[in-house]
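Asks: Supplied in structure tokens, the structure appears directly below.
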Amino acid sequence: MLLLDKPLGLTSNTALQKARRLYNAAKAGHTGTLDPLATGLLPLCFGEATKFAGELLDADKAYAATIRLGVTTDTADAEGQVLVTRPVQVTQQQLDAVLPRFNGEIMQVPPMHSALKRDGKPLYEYARQGIELERAPRCVTIHAIHLHDFSGDLVSLSVDCSKGTYIRTLAEDIGVALGCGAHLAALRRTRIGRLTLEKAVILTELEALAAERRTDLLLPTDALLDSLPRADLTANDVVRLGHGQAIRWNGMVGRWRAYGGGAFLGLCELGSDGWLYPRRLIASASENTAANA
């Protein structure tokens with residue numbers, strides 16, 4: 001897995017394909033889309049790690065956001081067409097009073113310019129055709145929202161939130177609450193789960209490195225699962241697991257990282273019956289089992 005600092009203006013898929021070619025990876029995937037307008041943390045998975053890319057989709061995330069007050073756009077961000085412009089007469093006291101309303105569980109209506117699908121088609125395709133569809137509000141959680149700077153019509157915030165939170169929608173809703181309208185002017189993702197931007201590499205730096213130096217930047221596959229408890233298995237249990245068989249295990253019911261001889265094997269799940277079931281194993285685990293059989 002590679003922690004990439006996605007640049008401004010690139011789609012997540014374009015950034016992924018550029019990195020995939022640098023690593024000559026046959027399989028590659030990312031762990032959560034960033035819009036072209038957004039920069040920041042984009043974990044990329046190569047090879048067997050792609051089996052676990054979905055693990056970060058449910059993780060909490062953190063962002064640094066800049067909101068422009070007084071201007072409403074059709075996409076709720078700076079890439080959209082301006083719909084309404086209003087004078088900004090917001091005070092620091094008003095902003096301090098409004099922001100706490102967005103802490104905790106809130107309801108958000110997903111934007112039309114999003115990748116959510118309706119009848120197999122992403123909403124943004126309908127939006128490009130001028131079609132507005134009704135969207136049901138969804139409950140998301142803002143764990144923390146902090147004001148860092150307020151100058152003129154620009155507001156800088158940091159936001160810690162649950163999966164499924166649209167910062168564009170949050171910016172728009174803050175503008176409504178202030179009575180002047182707003183849109184998201186800039187966005188930078190700083191954290192996904194336990195993964196942070198501090199260890200991410202920018203694409204131009206990656207392109208300039210020799211192949212062996214690029215390899216040094218890769219994290220092991222199990223870095224995607226480091227929040228889960230670890231199960232170190234015996235050689236016999238490794239063989240059973242590789243054959244798709246459950247093994248007896250004591251511990252907390254739920255998902256576990258499985259290891260054999262210190263090597264990562266994959267994702268398992270411990271049932272309430274005390275059996276540890278294989279859920280998603282890396283190919284080398286099956287190969288090792290075949291070699292030991």
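Residues are referred to by chain and number: the chain letter is A, B, ... according to the order shown in the structure tokens, the number counts from 1 in that chain, and ligands are numbered separately from 1 in the order shown.
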Could you pull the residues within 7 Å of segment 21-34 of chain A, counting only C-alpha atoms, minus those fewer than 3 positions along the same chain, as a list in words?
Replies: Ser12, Leu16, Gln17, Lys18, Ala38, Leu42, Pro43, Leu44, Cys45, Phe46, Gly47, Thr50, Ala53, Gly54, Leu56 and Leu57 of chain A
Asks: May I have all residues of segment 34-259 of chain A that DSSP, computed from the backbone, assigns to alpha helix (DSSP H), given as a ChimeraX atom specification?
Replies: /A:92-98,123-128,167-178,203-208,211-216,235-242
Asks: May I ask which of the residues A:Arg118, A:Ile174, A:Leu37, A:Lys51 is the closest one to Asp96 of chain A, counting only C-alpha atoms?
Replies: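 Of the candidates, the smallest distance to Asp96 of chain A is held by A:Ile174.
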Asks: Fewer than 2 positions away in the same chain doesn't count, so skip those; otherwise give me all residues within 12 Å of Lys6 of chain A, counting only C-alpha atoms, as a PyMOL selection string.
Replies: chain A and resi 2-4+8-16+18-19+30+32-44+187-190+197+200-206
Asks: Using only C-alpha atoms, which of the listed residues (A:Leu116, A:Leu123, A:Arg191, A:Leu154) sits closest to Asp5 of chain A?
Replies: A:Arg191
Asks: Work out how far apart atom CA of Asp58 of chain A and atom CA of Ala223 of chain A are and give it in Å to one decimal.
Replies: 15.3 Å
Asks: Using only C-alpha atoms, pick whichever of A:His148, A:His183, A:Arg168, A:His143 has the shortest atom-to-atom distance to Thr73 of chain A.
Replies: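 Between A:His148, A:His183, A:Arg168, A:His143, the residue approaching Thr73 of chain A most closely is A:His183.
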Asks: With DSSP run on the backbone, what are the strand (DSSP E or B) residues within segment 54-157 of chain A? I'd like them as a PyMOL selection string.
Replies: chain A and resi 61-69+71-73+77+82-85+104-108+117-118+121-122+138-151+154-157
Asks: Any chance you could export the current selection's N, CA and C atoms as a tab-separated table (two decimals), in the first residue's frame?
Replies:
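As written to disk, out_3.tsv reads:
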```tsv
chain	number	residue	atom	x	y	z
A	61	LYS	N	-12.79	9.96	8.87
A	61	LYS	CA	-11.87	10.76	8.08
A	61	LYS	C	-11.72	12.15	8.68
A	62	ALA	N	-10.63	12.84	8.31
A	62	ALA	CA	-10.40	14.20	8.78
A	62	ALA	C	-9.99	15.07	7.59
A	63	TYR	N	-10.46	16.32	7.62
A	63	TYR	CA	-10.23	17.24	6.51
A	63	TYR	C	-9.86	18.63	7.03
A	64	ALA	N	-9.10	19.35	6.21
A	64	ALA	CA	-8.93	20.79	6.36
A	64	ALA	C	-9.73	21.42	5.23
A	65	ALA	N	-10.68	22.28	5.57
A	65	ALA	CA	-11.59	22.85	4.57
A	65	ALA	C	-11.58	24.37	4.62
A	66	THR	N	-11.70	24.96	3.44
A	66	THR	CA	-11.87	26.41	3.32
A	66	THR	C	-13.22	26.68	2.69
A	67	ILE	N	-14.03	27.48	3.36
A	67	ILE	CA	-15.38	27.80	2.91
A	67	ILE	C	-15.43	29.28	2.51
A	68	ARG	N	-16.02	29.53	1.34
A	68	ARG	CA	-16.22	30.92	0.91
A	68	ARG	C	-17.68	31.30	1.16
A	69	LEU	N	-17.88	32.31	1.98
A	69	LEU	CA	-19.22	32.77	2.30
A	69	LEU	C	-19.73	33.72	1.22
A	71	VAL	N	-21.36	33.15	-1.60
A	71	VAL	CA	-21.50	32.66	-2.98
A	71	VAL	C	-22.00	31.23	-2.95
A	72	THR	N	-23.13	30.99	-3.60
A	72	THR	CA	-23.70	29.65	-3.71
A	72	THR	C	-23.50	29.15	-5.13
A	73	THR	N	-23.03	27.89	-5.27
A	73	THR	CA	-22.83	27.31	-6.61
A	73	THR	C	-23.70	26.07	-6.78
A	77	ASP	N	-19.35	23.58	-4.57
A	77	ASP	CA	-17.91	23.79	-4.47
A	77	ASP	C	-17.46	24.80	-5.52
A	82	VAL	N	-21.91	29.73	-10.48
A	82	VAL	CA	-22.45	30.58	-9.42
A	82	VAL	C	-23.96	30.75	-9.61
A	83	LEU	N	-24.70	30.48	-8.55
A	83	LEU	CA	-26.15	30.63	-8.58
A	83	LEU	C	-26.60	31.94	-7.95
A	84	VAL	N	-26.06	32.24	-6.78
A	84	VAL	CA	-26.47	33.44	-6.03
A	84	VAL	C	-25.24	34.04	-5.36
A	85	THR	N	-25.16	35.36	-5.38
A	85	THR	CA	-24.11	36.07	-4.63
A	85	THR	C	-24.78	37.04	-3.67
A	104	GLY	N	-21.76	16.37	16.19
A	104	GLY	CA	-22.58	15.22	16.50
A	104	GLY	C	-23.29	14.66	15.28
A	105	GLU	N	-24.38	13.96	15.50
A	105	GLU	CA	-25.14	13.37	14.39
A	105	GLU	C	-25.96	14.46	13.71
A	106	ILE	N	-25.83	14.55	12.40
A	106	ILE	CA	-26.60	15.51	11.62
A	106	ILE	C	-27.17	14.81	10.39
A	107	MET	N	-28.16	15.42	9.79
A	107	MET	CA	-28.74	14.88	8.56
A	107	MET	C	-28.19	15.68	7.37
A	108	GLN	N	-27.77	14.95	6.35
A	108	GLN	CA	-27.27	15.58	5.13
A	108	GLN	C	-28.03	15.03	3.93
A	117	LYS	N	-25.18	6.28	-6.71
A	117	LYS	CA	-25.85	5.79	-7.91
A	117	LYS	C	-27.36	5.70	-7.73
A	118	ARG	N	-28.07	5.97	-8.81
A	118	ARG	CA	-29.51	5.79	-8.90
A	118	ARG	C	-29.78	5.03	-10.20
A	121	LYS	N	-26.72	4.46	-12.33
A	121	LYS	CA	-26.03	5.62	-12.90
A	121	LYS	C	-25.67	6.60	-11.79
A	122	PRO	N	-24.42	7.12	-11.77
A	122	PRO	CA	-24.07	8.09	-10.73
A	122	PRO	C	-24.89	9.36	-10.84
A	138	ARG	N	-29.40	11.62	4.83
A	138	ARG	CA	-28.69	10.54	5.50
A	138	ARG	C	-28.04	11.05	6.78
A	139	CYS	N	-27.99	10.18	7.76
A	139	CYS	CA	-27.38	10.56	9.04
A	139	CYS	C	-25.88	10.33	8.98
A	140	VAL	N	-25.12	11.37	9.27
A	140	VAL	CA	-23.67	11.28	9.37
A	140	VAL	C	-23.27	11.88	10.71
A	141	THR	N	-22.02	11.67	11.09
A	141	THR	CA	-21.55	12.17	12.38
A	141	THR	C	-20.33	13.07	12.20
A	142	ILE	N	-20.44	14.28	12.73
A	142	ILE	CA	-19.29	15.18	12.81
A	142	ILE	C	-18.71	15.03	14.21
A	143	HIS	N	-17.56	14.38	14.31
A	143	HIS	CA	-16.95	14.14	15.62
A	143	HIS	C	-16.39	15.43	16.21
A	144	ALA	N	-15.86	16.28	15.35
A	144	ALA	CA	-15.29	17.55	15.81
A	144	ALA	C	-15.22	18.51	14.64
A	145	ILE	N	-15.50	19.78	14.92
A	145	ILE	CA	-15.36	20.83	13.91
A	145	ILE	C	-14.72	22.03	14.61
A	146	HIS	N	-13.58	22.47	14.08
A	146	HIS	CA	-12.82	23.54	14.73
A	146	HIS	C	-12.57	24.68	13.74
A	147	LEU	N	-12.78	25.89	14.20
A	147	LEU	CA	-12.49	27.08	13.40
A	147	LEU	C	-11.02	27.45	13.57
A	148	HIS	N	-10.32	27.61	12.46
A	148	HIS	CA	-8.90	27.99	12.50
A	148	HIS	C	-8.67	29.42	12.06
A	149	ASP	N	-9.50	29.91	11.14
A	149	ASP	CA	-9.31	31.28	10.68
A	149	ASP	C	-10.60	31.78	10.06
A	150	PHE	N	-10.86	33.06	10.26
A	150	PHE	CA	-12.02	33.72	9.66
A	150	PHE	C	-11.59	35.11	9.25
A	151	SER	N	-11.56	35.32	7.93
A	151	SER	CA	-11.10	36.59	7.41
A	151	SER	C	-11.95	36.97	6.20
A	154	LEU	N	-13.81	34.26	3.94
A	154	LEU	CA	-13.19	32.93	3.97
A	154	LEU	C	-13.14	32.38	5.39
A	155	VAL	N	-13.55	31.13	5.52
A	155	VAL	CA	-13.57	30.43	6.80
A	155	VAL	C	-12.73	29.15	6.66
A	156	SER	N	-11.74	28.97	7.52
A	156	SER	CA	-10.91	27.77	7.51
A	156	SER	C	-11.27	26.89	8.69
A	157	LEU	N	-11.59	25.63	8.40
A	157	LEU	CA	-12.04	24.69	9.42
A	157	LEU	C	-11.25	23.39	9.34
```
Asks: At a cut-off of 8 Å, using only C-alpha atoms, what residues contact Tyr259 of chain A? Leave out same-chain residues fewer than 5 positions from it and give the result as a VMD selection string.
Replies: chain A and resid 230 to 233 264 to 266
Asks: Store the residues of this selection in a file with N, CA and C atoms, as a PDB file, in the first residue's frame.
Replies:
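New file part18.pdb:
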```pdb
ATOM      1  N   ARG A 230      -5.011  -9.238  16.546  1.00  0.00           N
ATOM      2  CA  ARG A 230      -4.119 -10.127  15.800  1.00  0.00           C
ATOM      3  C   ARG A 230      -4.217 -11.553  16.322  1.00  0.00           C
ATOM      4  N   ALA A 231      -4.306 -12.510  15.381  1.00  0.00           N
ATOM      5  CA  ALA A 231      -4.330 -13.929  15.727  1.00  0.00           C
ATOM      6  C   ALA A 231      -3.099 -14.598  15.123  1.00  0.00           C
ATOM      7  N   ASP A 232      -2.177 -15.061  15.978  1.00  0.00           N
ATOM      8  CA  ASP A 232      -0.995 -15.792  15.521  1.00  0.00           C
ATOM      9  C   ASP A 232      -1.287 -17.283  15.597  1.00  0.00           C
ATOM     10  N   LEU A 233      -1.294 -17.934  14.443  1.00  0.00           N
ATOM     11  CA  LEU A 233      -1.767 -19.307  14.332  1.00  0.00           C
ATOM     12  C   LEU A 233      -0.616 -20.313  14.317  1.00  0.00           C
ATOM     13  N   PHE A 264       1.603 -12.274   7.336  1.00  0.00           N
ATOM     14  CA  PHE A 264       0.177 -11.931   7.259  1.00  0.00           C
ATOM     15  C   PHE A 264      -0.535 -12.895   6.318  1.00  0.00           C
ATOM     16  N   LEU A 265      -1.652 -13.458   6.768  1.00  0.00           N
ATOM     17  CA  LEU A 265      -2.422 -14.410   5.981  1.00  0.00           C
ATOM     18  C   LEU A 265      -3.698 -13.822   5.400  1.00  0.00           C
ATOM     19  N   GLY A 266      -4.337 -12.938   6.169  1.00  0.00           N
ATOM     20  CA  GLY A 266      -5.571 -12.359   5.671  1.00  0.00           C
ATOM     21  C   GLY A 266      -6.549 -12.037   6.793  1.00  0.00           C
TER      22      GLY A 266
END
```
Asks: Tell me which of A:Ala211, A:Val176, A:Ile192, A:Cys268 sits closest to Leu228 of chain A, counting only C-alpha atoms.
Replies: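 Once distances to Leu228 of chain A are computed over only C-alpha atoms, the minimum belongs to A:Cys268.
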Asks: Could you check the closest approach to Val253 of chain A for each of A:Leu241, A:Leu276, A:Gln93, A:Thr75 and tell me which residue wins, using only C-alpha atoms?
Replies: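 Closest residue, counting only C-alpha atoms: A:Leu276.
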Asks: Could you tell me how far atom CA of Glu48 of chain A sits from atom CA of Pro229 of chain A, in Å to one decimal place?
Replies: 20.3 Å
Asks: Grab the atom CA of Ala78 of chain A to atom CA of Asn103 of chain A distance for me, in Å with one decimal place.
Replies: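 So the answer is 24.2 Å.
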Asks: Give me the residues within 8 Å of Trp275 of chain A as a list in words, counting only C-alpha atoms and dropping any in the same chain fewer than 5 places off.
Replies: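 In the requested form, the answer reads Ala246, Ile247, Arg248, Trp249 and Leu270 of chain A.
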Asks: With N, CA and C atoms retained, could you export that selection as a JSON list (two decimals), in the first residue's frame?
Replies:
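Now in out.json:
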```
[["chain", "number", "residue", "atom", "x", "y", "z"],
["A", 246, "ALA", "N", -12.57, -23.55, 9.25],
["A", 246, "ALA", "CA", -12.54, -22.75, 10.47],
["A", 246, "ALA", "C", -11.68, -23.45, 11.52],
["A", 247, "ILE", "N", -11.14, -22.65, 12.45],
["A", 247, "ILE", "CA", -10.33, -23.20, 13.54],
["A", 247, "ILE", "C", -10.87, -22.67, 14.87],
["A", 248, "ARG", "N", -10.61, -23.40, 15.93],
["A", 248, "ARG", "CA", -11.03, -22.95, 17.25],
["A", 248, "ARG", "C", -10.16, -21.78, 17.70],
["A", 249, "TRP", "N", -10.81, -20.79, 18.34],
["A", 249, "TRP", "CA", -10.05, -19.62, 18.78],
["A", 249, "TRP", "C", -10.77, -18.96, 19.95],
["A", 270, "LEU", "N", -14.22, -14.16, 13.93],
["A", 270, "LEU", "CA", -14.51, -15.05, 15.04],
["A", 270, "LEU", "C", -15.99, -14.98, 15.37]]
```
